[in-house]
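Data from start-v3.tsv: TSV, C-alpha atoms
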chain	number	residue	atom	x	y	z
A	1	MET	CA	-87.94	-42.50	152.76
A	2	SER	CA	-87.45	-42.08	149.03
A	3	PRO	CA	-83.99	-40.75	148.29
A	4	LEU	CA	-83.19	-39.06	145.01
A	5	VAL	CA	-80.41	-41.01	143.33
A	6	LEU	CA	-78.38	-40.44	140.19
A	7	GLU	CA	-78.52	-43.50	137.98
A	8	ALA	CA	-75.61	-44.16	135.66
A	9	PRO	CA	-76.31	-45.27	132.08
A	10	PRO	CA	-76.45	-49.06	131.57
A	11	LYS	CA	-73.11	-50.69	130.81
A	12	ARG	CA	-72.60	-52.20	127.37
A	13	ARG	CA	-72.38	-55.98	127.09
A	14	LEU	CA	-70.12	-57.88	124.73
A	15	ASP	CA	-73.03	-59.31	122.73
A	16	ASP	CA	-74.58	-55.90	122.09
A	17	GLY	CA	-72.72	-55.58	118.84
A	18	PRO	CA	-70.01	-53.13	117.90
A	19	PRO	CA	-69.90	-49.88	119.84
A	20	THR	CA	-71.24	-46.85	118.11
A	21	ARG	CA	-68.41	-44.70	119.43
A	22	ARG	CA	-65.65	-43.96	116.95
A	23	HIS	CA	-62.29	-45.49	117.91
A	24	THR	CA	-59.73	-44.21	115.47
A	25	ASN	CA	-56.82	-45.97	117.15
A	26	GLY	CA	-58.52	-49.04	118.62
A	27	ARG	CA	-59.29	-52.46	117.25
A	28	THR	CA	-62.74	-51.45	116.06
A	29	PRO	CA	-62.54	-49.76	112.68
A	30	PRO	CA	-64.20	-46.36	112.44
A	31	PRO	CA	-67.59	-46.19	110.75
A	32	PRO	CA	-67.74	-44.98	107.17
A	33	PRO	CA	-67.82	-41.20	106.77
A	34	PRO	CA	-71.29	-39.70	106.46
A	35	THR	CA	-72.55	-38.71	103.08
A	36	GLY	CA	-73.87	-35.32	102.03
A	37	GLY	CA	-71.34	-33.11	103.77
A	38	GLY	CA	-71.44	-34.65	107.21
A	39	ASP	CA	-73.72	-32.19	108.92
A	40	GLY	CA	-76.95	-34.07	108.55
A	41	ASP	CA	-78.44	-37.21	110.03
A	42	GLU	CA	-78.40	-39.16	106.80
A	43	GLY	CA	-77.63	-42.87	107.00
A	44	GLN	CA	-77.54	-43.03	110.77
A	45	GLN	CA	-79.82	-42.82	113.76
A	46	PRO	CA	-80.52	-39.21	114.78
A	47	ARG	CA	-78.73	-38.31	117.97
A	48	ARG	CA	-80.34	-36.28	120.72
A	49	LEU	CA	-77.37	-33.98	121.21
A	50	ASP	CA	-75.45	-33.69	117.97
A	51	ASN	CA	-72.52	-31.40	117.21
A	52	VAL	CA	-74.74	-28.46	116.27
A	53	ARG	CA	-76.60	-28.59	119.56
A	54	VAL	CA	-73.42	-28.96	121.62
A	55	ALA	CA	-71.86	-25.97	119.84
A	56	MET	CA	-74.97	-23.86	120.35
A	57	LEU	CA	-75.22	-24.98	123.98
A	58	PHE	CA	-71.80	-23.55	124.73
A	59	LEU	CA	-72.34	-20.43	122.64
A	60	ILE	CA	-75.62	-19.71	124.40
A	61	ALA	CA	-74.04	-20.41	127.81
A	62	GLY	CA	-71.52	-17.67	127.06
A	63	GLU	CA	-74.27	-15.34	125.88
A	64	VAL	CA	-76.28	-16.00	129.04
A	65	MET	CA	-73.26	-15.04	131.13
A	66	PHE	CA	-72.80	-11.86	129.11
A	67	PHE	CA	-76.40	-10.74	129.55
A	68	ALA	CA	-76.48	-11.87	133.18
A	69	ALA	CA	-73.57	-9.55	133.85
A	70	LEU	CA	-75.35	-6.66	132.12
A	71	VAL	CA	-78.64	-7.29	133.92
A	72	SER	CA	-76.85	-7.61	137.26
A	73	GLY	CA	-75.00	-4.36	136.61
A	74	PHE	CA	-78.32	-2.73	135.78
A	75	PHE	CA	-79.88	-3.93	139.03
A	76	VAL	CA	-76.81	-3.00	141.09
A	77	LEU	CA	-77.14	0.60	139.88
A	78	ARG	CA	-80.89	0.58	140.08
A	79	LEU	CA	-81.19	-0.78	143.63
A	80	ALA	CA	-78.51	1.60	144.84
A	81	ALA	CA	-80.32	4.63	143.39
A	82	PRO	CA	-82.73	6.46	145.72
A	83	LEU	CA	-85.19	7.13	142.87
A	84	TRP	CA	-85.74	5.06	139.73
A	85	PRO	CA	-86.34	6.28	137.09
A	86	PRO	CA	-84.40	9.39	138.11
A	87	PRO	CA	-86.36	12.64	138.09
A	88	LEU	CA	-86.41	14.76	134.92
A	89	GLN	CA	-85.76	11.72	132.73
A	90	PRO	CA	-88.20	10.60	130.02
A	91	ARG	CA	-90.32	7.51	130.64
A	92	LEU	CA	-89.81	4.43	128.49
A	93	PRO	CA	-92.49	3.53	125.91
A	94	VAL	CA	-94.01	0.47	127.57
A	95	LEU	CA	-96.97	-0.16	125.25
A	96	VAL	CA	-95.09	0.20	121.97
A	97	THR	CA	-92.40	-2.10	123.28
A	98	ALA	CA	-95.04	-4.63	124.35
A	99	PHE	CA	-96.31	-4.63	120.77
A	100	ASN	CA	-92.71	-5.02	119.61
A	101	THR	CA	-92.29	-7.97	121.96
A	102	GLY	CA	-95.26	-9.64	120.28
A	103	ILE	CA	-93.65	-9.11	116.87
A	104	LEU	CA	-90.49	-10.84	118.04
A	105	LEU	CA	-92.43	-13.75	119.53
A	106	VAL	CA	-94.35	-14.21	116.28
A	107	SER	CA	-91.02	-14.27	114.41
A	108	SER	CA	-90.03	-17.23	116.55
A	109	LEU	CA	-93.22	-19.02	115.51
A	110	ALA	CA	-92.37	-18.31	111.86
A	111	MET	CA	-88.96	-19.88	112.44
A	112	VAL	CA	-90.62	-22.95	113.95
A	113	GLY	CA	-92.74	-23.21	110.79
A	114	ALA	CA	-89.65	-22.91	108.61
A	115	ALA	CA	-87.88	-25.67	110.53
A	116	ARG	CA	-90.95	-27.88	110.20
A	117	ALA	CA	-91.07	-27.24	106.46
A	118	MET	CA	-87.40	-28.20	106.25
A	119	ARG	CA	-88.08	-31.53	107.95
A	120	GLN	CA	-90.98	-32.16	105.56
A	121	GLY	CA	-88.86	-31.28	102.54
A	122	ASP	CA	-91.07	-28.37	101.49
A	123	GLY	CA	-88.69	-25.81	100.00
A	124	LEU	CA	-91.32	-23.17	99.26
A	125	ARG	CA	-92.68	-23.11	102.81
A	126	LEU	CA	-89.15	-23.14	104.15
A	127	ARG	CA	-88.24	-20.01	102.21
A	128	ARG	CA	-91.51	-18.31	103.12
A	129	GLY	CA	-90.94	-19.06	106.80
A	130	LEU	CA	-87.41	-17.70	106.69
A	131	ILE	CA	-88.55	-14.56	104.86
A	132	ALA	CA	-91.34	-14.00	107.40
A	133	THR	CA	-88.87	-14.43	110.25
A	134	ALA	CA	-86.44	-11.96	108.69
A	135	VAL	CA	-89.16	-9.38	107.98
A	136	LEU	CA	-90.48	-9.58	111.54
A	137	GLY	CA	-86.97	-9.29	112.94
A	138	ALA	CA	-86.28	-6.26	110.77
A	139	LEU	CA	-89.59	-4.73	111.85
A	140	PHE	CA	-88.61	-5.22	115.49
A	141	LEU	CA	-85.33	-3.43	114.86
A	142	ALA	CA	-87.06	-0.61	112.98
A	143	ILE	CA	-89.49	0.02	115.84
A	144	GLN	CA	-86.62	-0.10	118.32
A	145	GLY	CA	-84.69	2.43	116.26
A	146	TYR	CA	-87.74	4.72	116.10
A	147	GLU	CA	-88.13	4.49	119.88
A	148	TRP	CA	-84.48	5.32	120.38
A	149	THR	CA	-84.63	8.41	118.18
A	150	ARG	CA	-87.63	9.66	120.18
A	151	LEU	CA	-85.90	8.98	123.51
A	152	ILE	CA	-82.75	10.75	122.36
A	153	HIS	CA	-84.92	13.66	121.21
A	154	TYR	CA	-86.47	13.79	124.70
A	155	GLY	CA	-83.03	13.91	126.29
A	156	LEU	CA	-82.30	10.30	127.27
A	157	THR	CA	-78.77	9.64	126.02
A	158	VAL	CA	-75.93	7.34	127.02
A	159	SER	CA	-74.21	10.20	128.82
A	160	SER	CA	-77.31	11.49	130.61
A	161	GLY	CA	-76.72	9.29	133.68
A	162	ALA	CA	-76.92	5.72	134.90
A	163	TYR	CA	-80.51	5.45	133.66
A	164	GLY	CA	-79.64	6.18	130.04
A	165	ALA	CA	-76.33	4.32	130.14
A	166	THR	CA	-77.82	1.08	131.45
A	167	PHE	CA	-80.83	1.34	129.13
A	168	TYR	CA	-78.81	1.81	125.96
A	169	THR	CA	-76.20	-0.76	126.98
A	170	LEU	CA	-78.72	-3.50	127.76
A	171	ILE	CA	-81.18	-2.86	124.96
A	172	GLY	CA	-78.40	-2.01	122.53
A	173	ALA	CA	-76.57	-5.26	123.27
A	174	HIS	CA	-79.76	-7.18	122.54
A	175	ALA	CA	-80.38	-5.17	119.37
A	176	ALA	CA	-76.83	-5.96	118.23
A	177	HIS	CA	-77.56	-9.64	118.75
A	178	VAL	CA	-80.77	-9.34	116.73
A	179	VAL	CA	-78.77	-7.69	113.93
A	180	GLY	CA	-76.25	-10.54	114.05
A	181	ALA	CA	-79.02	-13.15	114.01
A	182	LEU	CA	-80.68	-11.32	111.14
A	183	VAL	CA	-77.49	-11.36	109.06
A	184	TRP	CA	-77.13	-15.07	109.81
A	185	LEU	CA	-80.76	-15.57	108.79
A	186	LEU	CA	-80.21	-13.76	105.49
A	187	VAL	CA	-77.23	-16.01	104.74
A	188	VAL	CA	-79.41	-19.04	105.53
A	189	LEU	CA	-82.12	-17.66	103.26
A	190	ALA	CA	-79.63	-17.21	100.42
A	191	MET	CA	-78.51	-20.80	100.90
A	192	ALA	CA	-82.13	-21.98	100.94
A	193	GLN	CA	-82.71	-20.23	97.61
A	194	THR	CA	-80.09	-22.51	96.07
A	195	GLY	CA	-81.89	-25.64	97.28
A	196	ARG	CA	-79.73	-26.28	100.32
A	197	PHE	CA	-81.20	-27.88	103.48
A	198	LEU	CA	-83.50	-30.23	101.56
A	199	ASP	CA	-80.66	-32.67	100.91
A	200	GLY	CA	-80.00	-33.42	104.57
A	201	ARG	CA	-77.28	-30.82	105.14
A	202	THR	CA	-79.18	-28.79	107.72
A	203	ALA	CA	-76.57	-27.80	110.30
A	204	VAL	CA	-76.45	-24.10	109.37
A	205	LEU	CA	-80.21	-23.73	109.47
A	206	ARG	CA	-80.64	-25.62	112.72
A	207	ALA	CA	-77.92	-23.57	114.42
A	208	CYS	CA	-79.49	-20.36	113.12
A	209	ALA	CA	-82.91	-21.42	114.40
A	210	ILE	CA	-81.53	-22.18	117.87
A	211	TYR	CA	-79.80	-18.81	118.00
A	212	TRP	CA	-82.90	-16.99	116.82
A	213	HIS	CA	-85.04	-18.65	119.47
A	214	PHE	CA	-82.46	-17.69	122.09
A	215	VAL	CA	-82.47	-14.04	121.00
A	216	VAL	CA	-86.28	-14.02	121.05
A	217	ALA	CA	-86.46	-15.72	124.47
A	218	LEU	CA	-84.02	-13.22	125.90
A	219	TRP	CA	-86.09	-10.19	124.98
A	220	PRO	CA	-89.07	-10.71	127.37
A	221	VAL	CA	-86.59	-11.01	130.25
A	222	LEU	CA	-85.00	-7.69	129.31
A	223	TYR	CA	-88.39	-6.11	128.69
A	224	VAL	CA	-89.65	-7.03	132.15
A	225	ALA	CA	-86.39	-6.02	133.85
A	226	VAL	CA	-85.91	-2.69	132.09
A	227	TYR	CA	-89.42	-1.52	131.15
A	228	LEU	CA	-91.81	-3.04	133.68
A	229	VAL	CA	-90.09	-3.67	137.03
B	230	MET	CA	-65.41	-26.34	156.38
B	231	THR	CA	-65.23	-24.45	159.67
B	232	PRO	CA	-63.01	-21.61	158.34
B	233	ALA	CA	-65.27	-21.27	155.29
B	234	LEU	CA	-68.31	-21.08	157.52
B	235	GLY	CA	-66.59	-18.45	159.63
B	236	LYS	CA	-65.87	-16.33	156.58
B	237	LEU	CA	-69.43	-16.74	155.42
B	238	LEU	CA	-70.77	-15.60	158.77
B	239	ALA	CA	-68.36	-12.67	158.81
B	240	CYS	CA	-69.49	-11.65	155.33
B	241	ALA	CA	-73.15	-11.92	156.28
B	242	ALA	CA	-72.53	-9.97	159.50
B	243	CYS	CA	-70.77	-7.22	157.59
B	244	VAL	CA	-73.46	-6.97	154.95
B	245	SER	CA	-76.31	-6.93	157.43
B	246	SER	CA	-74.60	-4.59	159.86
B	247	ALA	CA	-75.55	-0.96	160.07
B	248	TYR	CA	-71.88	-0.10	159.61
B	249	GLY	CA	-71.22	-2.74	156.96
B	250	ASP	CA	-71.12	-2.56	153.19
B	251	LYS	CA	-73.94	-0.16	152.40
B	252	THR	CA	-73.46	-0.57	148.65
B	253	PHE	CA	-74.33	-4.26	148.73
B	254	ASN	CA	-77.59	-5.43	147.19
B	255	TRP	CA	-78.90	-8.76	146.00
B	256	ALA	CA	-77.89	-8.18	142.40
B	257	TYR	CA	-74.31	-8.95	143.46
B	258	THR	CA	-75.43	-12.32	144.78
B	259	ALA	CA	-77.29	-13.06	141.56
B	260	LEU	CA	-74.20	-12.21	139.54
B	261	MET	CA	-72.09	-14.55	141.67
B	262	VAL	CA	-74.59	-17.39	141.38
B	263	VAL	CA	-75.15	-17.20	137.61
B	264	PRO	CA	-71.81	-18.81	136.53
B	265	PHE	CA	-72.50	-21.78	138.76
B	266	ALA	CA	-76.08	-22.03	137.51
B	267	VAL	CA	-74.98	-21.90	133.86
B	268	GLY	CA	-72.29	-24.51	134.50
B	269	ALA	CA	-74.81	-26.72	136.27
B	270	VAL	CA	-77.26	-26.48	133.37
B	271	VAL	CA	-74.55	-27.35	130.82
B	272	ALA	CA	-73.38	-30.28	132.96
B	273	ALA	CA	-76.96	-31.48	133.39
B	274	VAL	CA	-77.63	-31.40	129.64
B	275	LEU	CA	-74.43	-33.31	128.89
B	276	ALA	CA	-75.09	-35.84	131.67
B	277	TRP	CA	-78.66	-36.36	130.46
B	278	ASN	CA	-77.39	-37.00	126.96
B	279	ALA	CA	-74.88	-39.50	128.35
B	280	GLY	CA	-77.73	-41.45	129.93
B	281	TYR	CA	-77.60	-40.33	133.55
B	282	ARG	CA	-81.01	-39.96	135.17
B	283	LEU	CA	-82.20	-38.65	138.50
B	284	ARG	CA	-84.84	-40.96	139.92
B	285	TRP	CA	-86.72	-41.28	143.18
B	286	ARG	CA	-85.74	-44.63	144.63
B	287	ARG	CA	-88.44	-46.19	146.78
B	288	THR	CA	-87.40	-48.50	149.60
B	289	ASN	CA	-89.47	-51.63	150.15
B	290	PRO	CA	-89.75	-52.15	153.93
B	291	MET	CA	-90.60	-55.87	153.55
B	292	ASN	CA	-87.40	-57.16	152.06
B	293	GLU	CA	-85.11	-54.11	152.38
B	294	GLU	CA	-84.68	-54.05	148.60
B	295	THR	CA	-84.75	-50.86	146.60
B	296	THR	CA	-86.83	-50.38	143.52
B	297	THR	CA	-87.03	-47.47	141.15
B	298	THR	CA	-90.27	-45.75	140.34
Would you mind writing the file's structure down as structure tokens?
Amino acid sequence: MSPLVLEAPPKRRLDDGPPTRRHTNGRTPPPPPPTGGGDGDEGQQPRRLDNVRVAMLFLIAGEVMFFAALVSGFFVLRLAAPLWPPPLQPRLPVLVTAFNTGILLVSSLAMVGAARAMRQGDGLRLRRGLIATAVLGALFLAIQGYEWTRLIHYGLTVSSGAYGATFYTLIGAHAAHVVGALVWLLVVLAMAQTGRFLDGRTAVLRACAIYWHFVVALWPVLYVAVYLV
Amino acid sequence: MTPALGKLLACAACVSSAYGDKTFNWAYTALMVVPFAVGAVVAAVLAWNAGYRLRWRRTNPMNEETTTT
């Protein structure tokens, strides 16, 4: 038998040196404040789960719940319907949206390149990566908007039934998140133009990159659920 | 535990019955499971960062001691 056990972290010994945890009221004095604004890893060992990642973890957990509720609502209506898509409703543009999915995935790669350039201290490549990410994100939104105008022209509106309502709610919620991420990205780009992020203060960029990757990773799930299944 | 099991069986019987809840489908179950799944993922990430690890512990039959792999 080989049971699966949960191992606790090793206990600290007295001769391990001073604890790294900050005790503001204890006997151990707190460590000196970090330099450079306090949002970088300068002067200390990089932590696996720093404040930026914890904040984004909880933000993304809330976002996952939001979209899980929307997707579940979509499937509740869809599985209860005798025919899906309902008759006399336009079909969704699967191929164009597949191309659009590729654009969004490539934007995530551009963001990875920008983050790598930031770690290497290459400001020019950082700005180019951010610009490429923003352009691809804007292109994704433009194609989505073009698709929507065509679908509305063909008669698929929010008020045309459960099919249109769930489609525009789900895809529109994601598009709103892409718009929000794009605005955030433009702010990051403006900060990068002033030379920020190369001095160790990288929290804004790292949080933006995590959010962008989340928005990109969410889209294939919605694409499969709404367009393909 | 027994009352909870009874309620569970009653719920399953109602859902699967021909005269039960005809509007039920598995999307409801997914929606009910997601909060627990998200909470479990968050807890797992925080526990991993705190140093907790799940390991298979192999039992040595010769000396009854346990060793980790």
Interatomic distance between CA of Pro82 in chain A and CA of Leu238 in chain B?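 Calculated distance between CA of Pro82 in chain A and CA of Leu238 in chain B is 28.3 Å.
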Surrounding residues of range 217-223 of chain A excluding itself and chain neighbours under 2 positions, 10 Å, all atoms listed in the file, as a PyMOL selection string: chain A and resi 63-64+67+71+94+97-98+100-102+104-105+108+167+170-171+174-175+178+211-215+225-229
Suppose we keep C-alpha atoms; can you now write the selection as a PDB file, in the coordinates of the input?
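To be explicit, this is the file written out as out16.pdb:
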ATOM      1  CA  GLU A  63     -74.270 -15.340 125.880  1.00  0.00           C
ATOM      2  CA  VAL A  64     -76.280 -16.000 129.040  1.00  0.00           C
ATOM      3  CA  PHE A  67     -76.400 -10.740 129.550  1.00  0.00           C
ATOM      4  CA  VAL A  71     -78.640  -7.290 133.920  1.00  0.00           C
ATOM      5  CA  VAL A  94     -94.010   0.470 127.570  1.00  0.00           C
ATOM      6  CA  THR A  97     -92.400  -2.100 123.280  1.00  0.00           C
ATOM      7  CA  ALA A  98     -95.040  -4.630 124.350  1.00  0.00           C
ATOM      8  CA  ASN A 100     -92.710  -5.020 119.610  1.00  0.00           C
ATOM      9  CA  THR A 101     -92.290  -7.970 121.960  1.00  0.00           C
ATOM     10  CA  GLY A 102     -95.260  -9.640 120.280  1.00  0.00           C
ATOM     11  CA  LEU A 104     -90.490 -10.840 118.040  1.00  0.00           C
ATOM     12  CA  LEU A 105     -92.430 -13.750 119.530  1.00  0.00           C
ATOM     13  CA  SER A 108     -90.030 -17.230 116.550  1.00  0.00           C
ATOM     14  CA  PHE A 167     -80.830   1.340 129.130  1.00  0.00           C
ATOM     15  CA  LEU A 170     -78.720  -3.500 127.760  1.00  0.00           C
ATOM     16  CA  ILE A 171     -81.180  -2.860 124.960  1.00  0.00           C
ATOM     17  CA  HIS A 174     -79.760  -7.180 122.540  1.00  0.00           C
ATOM     18  CA  ALA A 175     -80.380  -5.170 119.370  1.00  0.00           C
ATOM     19  CA  VAL A 178     -80.770  -9.340 116.730  1.00  0.00           C
ATOM     20  CA  TYR A 211     -79.800 -18.810 118.000  1.00  0.00           C
ATOM     21  CA  TRP A 212     -82.900 -16.990 116.820  1.00  0.00           C
ATOM     22  CA  HIS A 213     -85.040 -18.650 119.470  1.00  0.00           C
ATOM     23  CA  PHE A 214     -82.460 -17.690 122.090  1.00  0.00           C
ATOM     24  CA  VAL A 215     -82.470 -14.040 121.000  1.00  0.00           C
ATOM     25  CA  ALA A 225     -86.390  -6.020 133.850  1.00  0.00           C
ATOM     26  CA  VAL A 226     -85.910  -2.690 132.090  1.00  0.00           C
ATOM     27  CA  TYR A 227     -89.420  -1.520 131.150  1.00  0.00           C
ATOM     28  CA  LEU A 228     -91.810  -3.040 133.680  1.00  0.00           C
ATOM     29  CA  VAL A 229     -90.090  -3.670 137.030  1.00  0.00           C
TER      30      VAL A 229
END
Using 8 Å as the limit and counting all atoms listed in the file, can you tabulate each residue of chain B that touches chain A, with its shortest atom-to-atom distance in Å and the two atoms involved, as a Markdown table?
| residue | atom | partner | partner_atom | distance |
| --- | --- | --- | --- | --- |
| B:Thr252 | CA | A:Ala80 | CA | 6.7 |
| B:Asn254 | CA | A:Val76 | CA | 6.6 |
| B:Trp255 | CA | A:Val76 | CA | 7.9 |
| B:Ala256 | CA | A:Ser72 | CA | 5.3 |
| B:Tyr257 | CA | A:Ser72 | CA | 6.8 |
| B:Ala259 | CA | A:Ser72 | CA | 7.0 |
| B:Leu260 | CA | A:Ser72 | CA | 5.8 |
| B:Val263 | CA | A:Ala68 | CA | 7.1 |
| B:Pro264 | CA | A:Met65 | CA | 6.7 |
| B:Val267 | CA | A:Ala61 | CA | 6.3 |
| B:Val271 | CA | A:Leu57 | CA | 7.3 |
| B:Asn278 | CA | A:Leu49 | CA | 6.5 |
| B:Ala279 | CA | A:Pro9 | CA | 7.0 |
| B:Gly280 | CA | A:Pro9 | CA | 4.6 |
| B:Tyr281 | CA | A:Ala8 | CA | 4.8 |
| B:Arg282 | CA | A:Glu7 | CA | 5.2 |
| B:Leu283 | CA | A:Leu6 | CA | 4.5 |
| B:Arg284 | CA | A:Val5 | CA | 5.6 |
| B:Trp285 | CA | A:Leu4 | CA | 4.6 |
| B:Arg286 | CA | A:Ser2 | CA | 5.4 |
| B:Arg287 | CA | A:Ser2 | CA | 4.8 |
| B:Thr288 | CA | A:Ser2 | CA | 6.4 |
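CA of His177 in chain A sits 20.8 Å away from CA of Ala115 in chain A.
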Quote the spacing between CA of Gln89 in chain A and CA of Val158 in chain A in Å to one decimal place. 12.2 Å
